[in-house]
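Novice: Below: one structure in structure tokens.
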Amino acid sequence: MPRAVNILFAGDVVGGLGKRTLLGLLPALRERLEPDFIVVNGENAAGGLGITPRIADQLFRAGVDVITLGNHTYRQREIYGYLDARREILRPANFLRSQPGHGWCVVERGGVSLGVVSLSGNLFMDAGRPAFAEADAALHALRDRAEHVLVDMHAEATSEKVGMGWYLDGRVTAVVGTHTHVPTADARILPGGTAYVTDVGMTGPRGGVIGVKREQAIEAMATKMPGCELMTAMSSEHGKSKSSLCKVTGQCQMGSLYHPVSSPSVVRPAGSFIPLSFHYAESFSFRAPDGLWRPPQSL
Ligand SMILES: [Fe+2]
């Protein structure tokens with residue numbers, strides 16, 4: 001009988017503030033939750049746009065087992081070779097096969113194996129191939145290789161993420177949604193036994209618009225002029241904001257799915273017959289006694 005497994009999933013890490021928040025809090029979270037695996041969506045970690053090898057290495061050194069990505073995967077050119085070379089960093093599996101990187105991997109801890117699959121939605125997104133067909137292909141590839149399977153469905157449309165949850169219900173351990181940066185209140189176990197949440201939210205500053213400085217975001221929305229591509233995260237690796245705006249809005253939120261598993265009734269063709277019974281999700285909002293929590297600057 002396989003033992004229960006705990007997975008800590010942290011939603012989209014946004015900019016330097018998000019990264020330092022994650023790195024600053026991980027030790028306490030590991031102690032409190034005792035996760036077997038830590039999976040992090042890092043597609044906004046480099047100033048809001050993509051990820052660099054240096055940041056990925058920092059996350060791995062901090063104990064992150066797998067990094068998933070999304071629509072900003074290729075924003076930093078220096079990551080291209082790293083995506084091909086490092087097994088535990090995933091771009092969406094339903095990108096074109098010609099694009100750098102790969103979309104699933106298997107990690108092992110303490111005799112338990114976890115397959116992780118990264119998918120991109122197709123609605124309002126630019127993935128080159130269909131997510132649902134690729135989900136089937138990834139599960140086929142993972143058959144007999146992983147006891148548990150976690151799917152990160154990085155998508156804009158809630159309907160598409162809900163659909164993917166139902167599509168994979170009973171076939172994977174968990175489907176977690178990312179990309180919108182706002183956590184949804186629908187975490188639950190689906191009837192087939194799959195843990196599901198439409199979006200876990202971001203790890204980043206809450207005082208802006210999904211991690212972007214609010215003046216920039218509001219101006220673009222109000223004027224209907226281009227600007228989105230030029231928007232900067234509230235705190236980035238490449239240009240840390242020194243503005244008071246950043247300081248007064250430095251509270252951080254971390255979306256996470258914490259998923260102990262063990263019950264006798266679910267058959268999951270994606271792997272071996274691992275039972276499921278319990279699902280628990282929570283969003284952490286950190287506050288220091290003075291009302292703000294700031295990650296250590298040195299991280
Ligand atoms: Fe995204």
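Just so we're on the same page: first chain in the structure tokens is A, next is B, and so on; residues restart at 1 for each chain, and ligands are numbered from 1 in the order they show up.
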Do a neighbour search on Gly121 in chain A at 12 Å with only C-alpha atoms, toss out local chain neighbours closer than 2 positions, and write the hits as a PyMOL selection string.
Specialist: chain A and resi 70-71+92-95+118-119+123-135+152-164+177-180
Novice: Using DSSP secondary structure from the backbone, list all alpha helix (DSSP H) positions within range 22-222 of chain A, as a ChimeraX atom specification.
Specialist: /A:22-33,53-61,80-85,131-142,158-168,214-222
Novice: Given the selection you just returned, output its residues as a file containing C-alpha atoms, formatted as a PDB file, in the first residue's frame.
Specialist:
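part.pdb written:
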ATOM      1  CA  LEU A  22       8.863  32.141  -1.620  1.00  0.00           C
ATOM      2  CA  LEU A  23      12.472  31.614  -0.630  1.00  0.00           C
ATOM      3  CA  GLY A  24      11.913  33.379   2.673  1.00  0.00           C
ATOM      4  CA  LEU A  25       8.868  31.354   3.608  1.00  0.00           C
ATOM      5  CA  LEU A  26       9.754  27.923   2.289  1.00  0.00           C
ATOM      6  CA  PRO A  27      11.702  26.774   5.355  1.00  0.00           C
ATOM      7  CA  ALA A  28       8.737  27.429   7.680  1.00  0.00           C
ATOM      8  CA  LEU A  29       6.278  25.956   5.195  1.00  0.00           C
ATOM      9  CA  ARG A  30       8.366  22.811   4.896  1.00  0.00           C
ATOM     10  CA  GLU A  31       8.414  22.470   8.648  1.00  0.00           C
ATOM     11  CA  ARG A  32       4.701  23.080   8.994  1.00  0.00           C
ATOM     12  CA  LEU A  33       3.367  21.094   6.038  1.00  0.00           C
ATOM     13  CA  PRO A  53      18.648  29.946 -15.294  1.00  0.00           C
ATOM     14  CA  ARG A  54      19.925  31.811 -12.251  1.00  0.00           C
ATOM     15  CA  ILE A  55      16.446  32.164 -10.755  1.00  0.00           C
ATOM     16  CA  ALA A  56      15.567  28.566 -11.579  1.00  0.00           C
ATOM     17  CA  ASP A  57      18.754  27.413  -9.868  1.00  0.00           C
ATOM     18  CA  GLN A  58      17.860  29.457  -6.807  1.00  0.00           C
ATOM     19  CA  LEU A  59      14.444  27.801  -6.609  1.00  0.00           C
ATOM     20  CA  PHE A  60      15.899  24.322  -7.040  1.00  0.00           C
ATOM     21  CA  ARG A  61      18.543  24.995  -4.388  1.00  0.00           C
ATOM     22  CA  TYR A  80      16.208  28.151 -23.875  1.00  0.00           C
ATOM     23  CA  GLY A  81      19.150  25.787 -23.450  1.00  0.00           C
ATOM     24  CA  TYR A  82      18.351  25.300 -19.776  1.00  0.00           C
ATOM     25  CA  LEU A  83      14.839  24.118 -20.683  1.00  0.00           C
ATOM     26  CA  ASP A  84      16.305  21.378 -22.858  1.00  0.00           C
ATOM     27  CA  ALA A  85      18.973  20.403 -20.362  1.00  0.00           C
ATOM     28  CA  ALA A 131      -4.355  20.930 -24.407  1.00  0.00           C
ATOM     29  CA  PHE A 132      -6.826  18.076 -24.060  1.00  0.00           C
ATOM     30  CA  ALA A 133      -5.182  15.816 -26.628  1.00  0.00           C
ATOM     31  CA  GLU A 134      -1.786  16.553 -25.131  1.00  0.00           C
ATOM     32  CA  ALA A 135      -3.064  15.710 -21.657  1.00  0.00           C
ATOM     33  CA  ASP A 136      -3.940  12.263 -22.956  1.00  0.00           C
ATOM     34  CA  ALA A 137      -0.535  11.897 -24.574  1.00  0.00           C
ATOM     35  CA  ALA A 138       1.282  12.946 -21.397  1.00  0.00           C
ATOM     36  CA  LEU A 139      -0.692  10.516 -19.244  1.00  0.00           C
ATOM     37  CA  HIS A 140       0.033   7.765 -21.714  1.00  0.00           C
ATOM     38  CA  ALA A 141       3.735   8.561 -21.455  1.00  0.00           C
ATOM     39  CA  LEU A 142       3.553   8.578 -17.654  1.00  0.00           C
ATOM     40  CA  THR A 158     -11.919  29.399 -16.031  1.00  0.00           C
ATOM     41  CA  SER A 159     -14.219  27.297 -18.214  1.00  0.00           C
ATOM     42  CA  GLU A 160     -11.270  25.610 -19.893  1.00  0.00           C
ATOM     43  CA  LYS A 161      -9.650  24.855 -16.552  1.00  0.00           C
ATOM     44  CA  VAL A 162     -12.875  23.464 -15.118  1.00  0.00           C
ATOM     45  CA  GLY A 163     -13.220  21.357 -18.256  1.00  0.00           C
ATOM     46  CA  MET A 164      -9.707  20.004 -17.851  1.00  0.00           C
ATOM     47  CA  GLY A 165     -10.463  19.137 -14.237  1.00  0.00           C
ATOM     48  CA  TRP A 166     -13.440  17.067 -15.273  1.00  0.00           C
ATOM     49  CA  TYR A 167     -11.568  15.560 -18.206  1.00  0.00           C
ATOM     50  CA  LEU A 168      -8.796  14.290 -15.935  1.00  0.00           C
ATOM     51  CA  ARG A 214      -1.322  49.469 -10.801  1.00  0.00           C
ATOM     52  CA  GLU A 215      -0.778  52.882 -12.424  1.00  0.00           C
ATOM     53  CA  GLN A 216       0.573  51.206 -15.557  1.00  0.00           C
ATOM     54  CA  ALA A 217      -2.173  48.620 -15.683  1.00  0.00           C
ATOM     55  CA  ILE A 218      -4.960  51.126 -15.100  1.00  0.00           C
ATOM     56  CA  GLU A 219      -3.591  53.551 -17.674  1.00  0.00           C
ATOM     57  CA  ALA A 220      -3.503  50.860 -20.323  1.00  0.00           C
ATOM     58  CA  MET A 221      -7.037  49.804 -19.483  1.00  0.00           C
ATOM     59  CA  ALA A 222      -8.384  53.345 -19.313  1.00  0.00           C
TER      60      ALA A 222
END
Novice: Could you tell me how far CA of Val39 in chain A lies from CA of Val182 in chain A, in Å and to one decimal?
Specialist: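 Here the two named atoms are 18.0 Å from each other.
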Novice: With only C-alpha atoms and all ligand atoms as the basis for distance, which of A:Leu17, A:Ile38, A:Ala187, A:Leu49 is at the shortest distance from ligand 1?
Specialist: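 For ligand 1, the nearest of the candidates is A:Leu49.
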Novice: I need the residue nearest ligand 1 from this list: A:Val14, A:Ala195, A:Val172, A:Val151. Use only C-alpha atoms and all ligand atoms for the distance.
Specialist: A:Val14
Novice: Calculated over only C-alpha atoms and all ligand atoms, which of the candidates A:Glu88, A:Glu108, A:Asp36, A:Asp199 has the smallest distance to ligand 1?
Specialist: A:Asp199
